[in-house]
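The block underneath contains the structure these notes are about, expressed in C-alpha cells.
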Amino acid sequence: MHKLFVKILLVISFCLSAVGCALPPLESGAGSDRVSSSSSYNAGYHFILGVLASMDGRLDDAITELEAAFQEDPLSPYLMKELASLYVEKGNISKAIDLCKQSLVYDPGDTEVYLILGNLYITQKDYKKAFRAYKKVIELDPENTTAYLYMGTLYAESGRYEDALKMFTILLEKDPDNVLGTYYMAKVLVELKRYDEAERHFREALSRKPSLESALIDLSQFYEKQKKFKQAATVYQDFIQRYPSRINIRIRLGEFYLRQGDYEAAENTFRGILTIDDSNKDIHFTLGLIYYERHNHESAIEEFKKGLKLAPSDAKILYFLASAYEEIHENQKAMENYEKIPPDSDLYGNARIRMGMLLKEKGRIDQAISVIREALSKGGKAPNLYAYLAALYSDKQQYAEAENLLNEGIKEFPQNMELYYGLGELYGKMDRFEESIKNMRHVLEINPDHAEALNFIGYSYAEKGIHLTEAESLIRKALALKPDNGYILDSMGWVYFKLNRMDQAIRYLKEANSRIPDDPTIAEHLGDAYRTAGQIKEAREAYERALKLAPENSPLRKKLEQLGH
C-alpha cells in the first residue's frame with residue numbers, strides 16, 4: 001500500500017506541475033468558453049488513473065482512462081499528445097491521426113500537433129500529407145527549425161537532395177549550431193558528391209556533439225568509400241579514446257579491420273572488448289572466426305568453447321566448433337557438436353550433411369543414410385538434404401531410391417535448381433540421356449547462368465559427338481562464368497577434339513590437366529588428343545599418368561599398349 005500511495009503522489013505532483021491544477025484548457029478562439037471546473041476536475045482524475053495504468057503496463061486501461069479525460073477536456077493539447085502517443089504504442093496510427101485532426105479543430109495554430117501529425121503520416125508512408133503538415137508548421141511559424149529539419153530529412157529520403165539541401169541551408173542560417181541539421185546536411189552533400197563540404201559538416205557535427213555515433217559511423221564509412229582507410233580508423237580510435245566503454249563502436253572498428261584483411265588489428269580490437277566485457281559470447285565467436293580464417297584452429301576452438309559456456313545452445317558456435325574440429329581431424333568431437341544442433345536451426349541440414357560426409361569417409365555409408373533420413377523425418381526438409389541423400393543412394397548404385405528422393409524434393413521445392421541438377425546427373429548415370437538433358441535444361445530455365453548445367457549439356461553432346469556447335473557455345477558460356485574451372489576447360493578441349501581441331505583441344509586439355517592433375521579422365525583425354533595429333537611421346541606420358549591414377553582402367557591400358565615402346 002505504501003508503494004502505491006507514493007506512486008499516486010508522484011503522478012499527482014507531475015500532473016499539477018505539467019498542466020496546472022486539473023489540466024486547464026486552451027482557448028480555441030474568440031468567444032469560446034472554458035471547460036467547467038467539474039469537467040476539468042474529472043479530466044485530471046482520469047488522467048491520473050491513465051498514467052498509473054500506463055506505468056503498470058496496462059496499455060488498454062491507460063487508453064480508456066485518457067480517452068475519458070479527453071472527453072472531459074477536449075481542448076487540452078497535453079492530453080491530446082499523451083493519448084496520441086498511447087495510440088501509436090498500441091499500433092493504432094489512424095486513431096492517433098484522427099485525434100490530432102480533432103485537436104486542430106479546436107486550435108488550428110498548434111504547430112506541435114502538426115509536427116506530430118507529419119510524423120504519423122510518415123509511419124503510414126503518406127509522404128504527401130507529411131509534407132503538407134510540415135509546410136503548415138513553417139507557414140505558421142517560419143522560425144520553427146524542427147519543421148525545416150523534418151522537411152529536409154523527408155526530401156532526402158525521397159531522393160530530392162537539392163530540395164533537402166535548401167531546407168538544411170535555411171535551418172542552419174536560423175540555427176548555425178544545430179547538430180542534427182549539420183549532420184543531415186553532410187549526408188545530403190555526400191549524395192550530391194560534394195565530398196569536401198560533406199567531410200567538413202560531418203566534422204562540425206562531431207565537434208559540437210562528440211557522442212553522436214551516427215555521425216561518427218557515417219564519417220568513417222565515408223572515408224572508407226573514399227579509400228582513406230587511415231582516416232576511417234582514426235575516427236573510430238579517437239571516439240574510443242573519448243568513450244572507452246562504447247563497445248558497439250569497438251565492434252565497428254574490429255569489423256572495419258576485418259574488411260581490410262588486417263586480422264591482427266581486428267584480433268587486438270576484439271580482445272580489447274573482452275577486457276571490458278568477458279561475458280560477450282558474440283565477441284568470443286568473432287575471435288574464433290578470425291582464428292579459423294587464419295587456420296589457427298586450436299585457438300579458434302578455444303574461443304568457440306568460451307562462447308558455448310556463455311550460450312550452450314548457440315547453433316552458430318556449435319557448427320563452427322565442429323568445423324574446426326574437422327580441420328584438425330578430431331572427427332568424433334566434430335560429430336558430437338554437429339549432433340547438438342537442433343532441428344529448428346537454419347544450420348541443422350548442413351550439420352547433418354557434414355555428419356553424413358564424416359560417416360561416408362569411414363565407409364559407414366548406411367549409417368550416413370540413416371542420419372540424413374532421420375533429419376528429414378524431424379522436419380529438416382531442406383533441398384540439400386534431399387540432394388545429399390540421393391547422392392548417397394547413387395553411390396550405392398541404388399538409383400531408384402535416389403530418383404524417388406529427388407522427385408520428392410522437387411515436389412517440396414519446385415524451383416530448386418540443384419535438385420533438378422542432381423536428377424539430371426542421376427539420369428546420366430542411368431543412361432537415360434534425353435531425361436538427363438531435359439532436367440539440365442530445366443536448371444537453365446531457372447538460372448541461365450548455371451555454369452555446371454551448361455557444362456553438363458555441352459560435355460554430354462561432345463561425348464556423343466552430336467550438336468557440337470551448340471556444345472561449344474554452351475561450354476564457352478560456362479567458361480566465361482568460371483574461367484579457372486578445370487572440368488569446364490576439359491569439356492572445351494573435348495569438344496575441340498570431337499571437332500578435330502587438335503591444336504585447340506591440346507591447349508585446353510593441357511590447361512585442364514595442370515589445374516586438376518589427379519583426374520585420370522582429363523589425363524586420358526589429353527593422351528587421346530596427343531595421339532590423334534601424332535605426338536606419340538606426349539600421348540604415352542599422358543596415358544601413363546592416367547593409368548597410375550586409375551590402374552583398373554583396362555581400355556586405357558590397351559590404348560597405352562597400342563602405342564608400343
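Going by the C-alpha cells order, chains are called A, B, ..., each with residues numbered from 1, while ligands are numbered from 1 in the order shown.
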Inset, instruction - Fewer than 5 positions away in the same chain doesn't count, so skip those; otherwise give me all residues within 7 Å of range 441-446 of chain A, counting only C-alpha atoms, as a list in words. - result: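 My list of contacting residues is Met417, Tyr420, Tyr421 and Ala453 of chain A.
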Output the selection as a PDB file, in the first residue's frame - C-alpha atoms for each residue.
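What landed in out-v6.pdb:
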ATOM      1  CA  MET A 417      17.664 -25.911 -59.469  1.00  0.00           C
ATOM      2  CA  TYR A 420      16.897 -30.781 -60.968  1.00  0.00           C
ATOM      3  CA  TYR A 421      20.666 -30.784 -61.492  1.00  0.00           C
ATOM      4  CA  ALA A 453      24.440 -27.295 -66.152  1.00  0.00           C
TER       5      ALA A 453
END
With the cut-off set at 10 Å and counting only C-alpha atoms, tabulate each residue of range 278-315 of chain A with an atom at most that distance from an atom of range 247-260 of chain A, showing the nearest atom pair and its distance in Å to one decimal, ordered by chain and increasing number, as a tab-separated table.
residue	atom	partner	partner_atom	distance
A:Ile283	CA	A:Ile251	CA	8.4
A:Thr286	CA	A:Glu255	CA	9.6
A:Ile290	CA	A:Leu258	CA	8.4
Inset, instruction - One decimal, Å: what's the distance from CA of Gln221 in chain A over to CA of Tyr184 in chain A, could you say? - result: 14.9 Å
Inset, instruction - Please provide the set of residues having any atom within 12 Å of Val179 in chain A, restricted to only C-alpha atoms, with same-chain residues fewer than 5 positions apart removed, written as a ChimeraX atom specification. - result: /A:145-146,149,168,171-172,184-186,201-212,214-215
Inset, instruction - Would you mind listing what lies within 6 Å of Ala402 in chain A as a PyMOL selection string, with only C-alpha atoms counted and same-chain residues fewer than 3 positions away left out? - result: chain A and resi 390+393-394+399+405
Inset, instruction - Tell me, as a list of chain:residue names, which residues lie within 7 Å of Leu318 in chain A, counting only C-alpha atoms; anything in the same chain fewer than 6 positions away does not count. - result: A:Asn337, A:Tyr338, A:Ile341
Legend entry - Those of range 73-161 of chain A in DSSP alpha helix (DSSP H), formatted as a PyMOL selection string: chain A and resi 77-90+93-106+111-123+127-140+145-157+161
Legend entry - Residue contacts of range 114-125 of chain A (12 Å, only C-alpha atoms) excluding same-chain residues fewer than 2 positions away, as a PyMOL selection string: chain A and resi 77+80-82+84-85+87-89+91-105+107-112+127-141+144-151+153-155+157-158
Which residues, written as a short mmCIF file (atom, residue, chain, number, x, y, z; two decimals) with N, CA and C atoms, in the first residue's frame, have at least one atom at most 10 Å from range 330-333 of chain A, with only C-alpha atoms counted and residues fewer than 6 positions away on the same chain left out?
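The result, written out as result.cif:
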data_model
loop_
_atom_site.label_atom_id
_atom_site.label_comp_id
_atom_site.auth_asym_id
_atom_site.auth_seq_id
_atom_site.Cartn_x
_atom_site.Cartn_y
_atom_site.Cartn_z
N LEU A 321 32.50 -24.69 -34.24
CA LEU A 321 33.35 -25.51 -33.37
C LEU A 321 33.54 -26.89 -33.99
N ALA A 322 32.46 -27.48 -34.46
CA ALA A 322 32.53 -28.78 -35.12
C ALA A 322 33.42 -28.70 -36.37
N SER A 323 33.26 -27.63 -37.14
CA SER A 323 34.08 -27.46 -38.35
C SER A 323 35.55 -27.35 -38.01
N ALA A 324 35.86 -26.63 -36.93
CA ALA A 324 37.26 -26.50 -36.51
C ALA A 324 37.82 -27.85 -36.08
N GLU A 339 25.90 -32.87 -33.85
CA GLU A 339 24.68 -33.54 -33.39
C GLU A 339 23.88 -32.70 -32.41
N MET A 355 27.81 -34.50 -40.93
CA MET A 355 27.88 -35.79 -40.23
C MET A 355 27.87 -36.94 -41.23
N LEU A 358 31.28 -37.28 -42.87
CA LEU A 358 32.27 -37.91 -41.98
C LEU A 358 32.05 -39.41 -41.89
N LEU A 359 30.80 -39.83 -41.82
CA LEU A 359 30.50 -41.26 -41.78
C LEU A 359 30.87 -41.93 -43.10
#
Legend entry - Atomic distance CA of Ser245 in chain A - CA of Glu213 in chain A, expressed in Å with one decimal: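 Straight-line distance from CA of Ser245 in chain A to CA of Glu213 in chain A works out to 13.1 Å.
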Legend entry - Å distance separating CA of Tyr319 in chain A from CA of Leu347 in chain A, one decimal place: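 Straight-line distance from CA of Tyr319 in chain A to CA of Leu347 in chain A works out to 7.4 Å.
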Inset, instruction - For each of A:Lys477, A:His284, A:Lys464, A:His329, take the minimum atom-to-atom distance to His450 in chain A, counting only C-alpha atoms, then give the residue where this is smallest. - result: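 Looking only at the distances to His450 in chain A, the closest residue turns out to be A:Lys477.
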Inset, instruction - Have a look at A:Ile488, A:Lys225, A:Ala156, A:Glu401 and name the one nearest to Leu192 in chain A; count only C-alpha atoms. - result: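 Closest candidate: A:Ala156.
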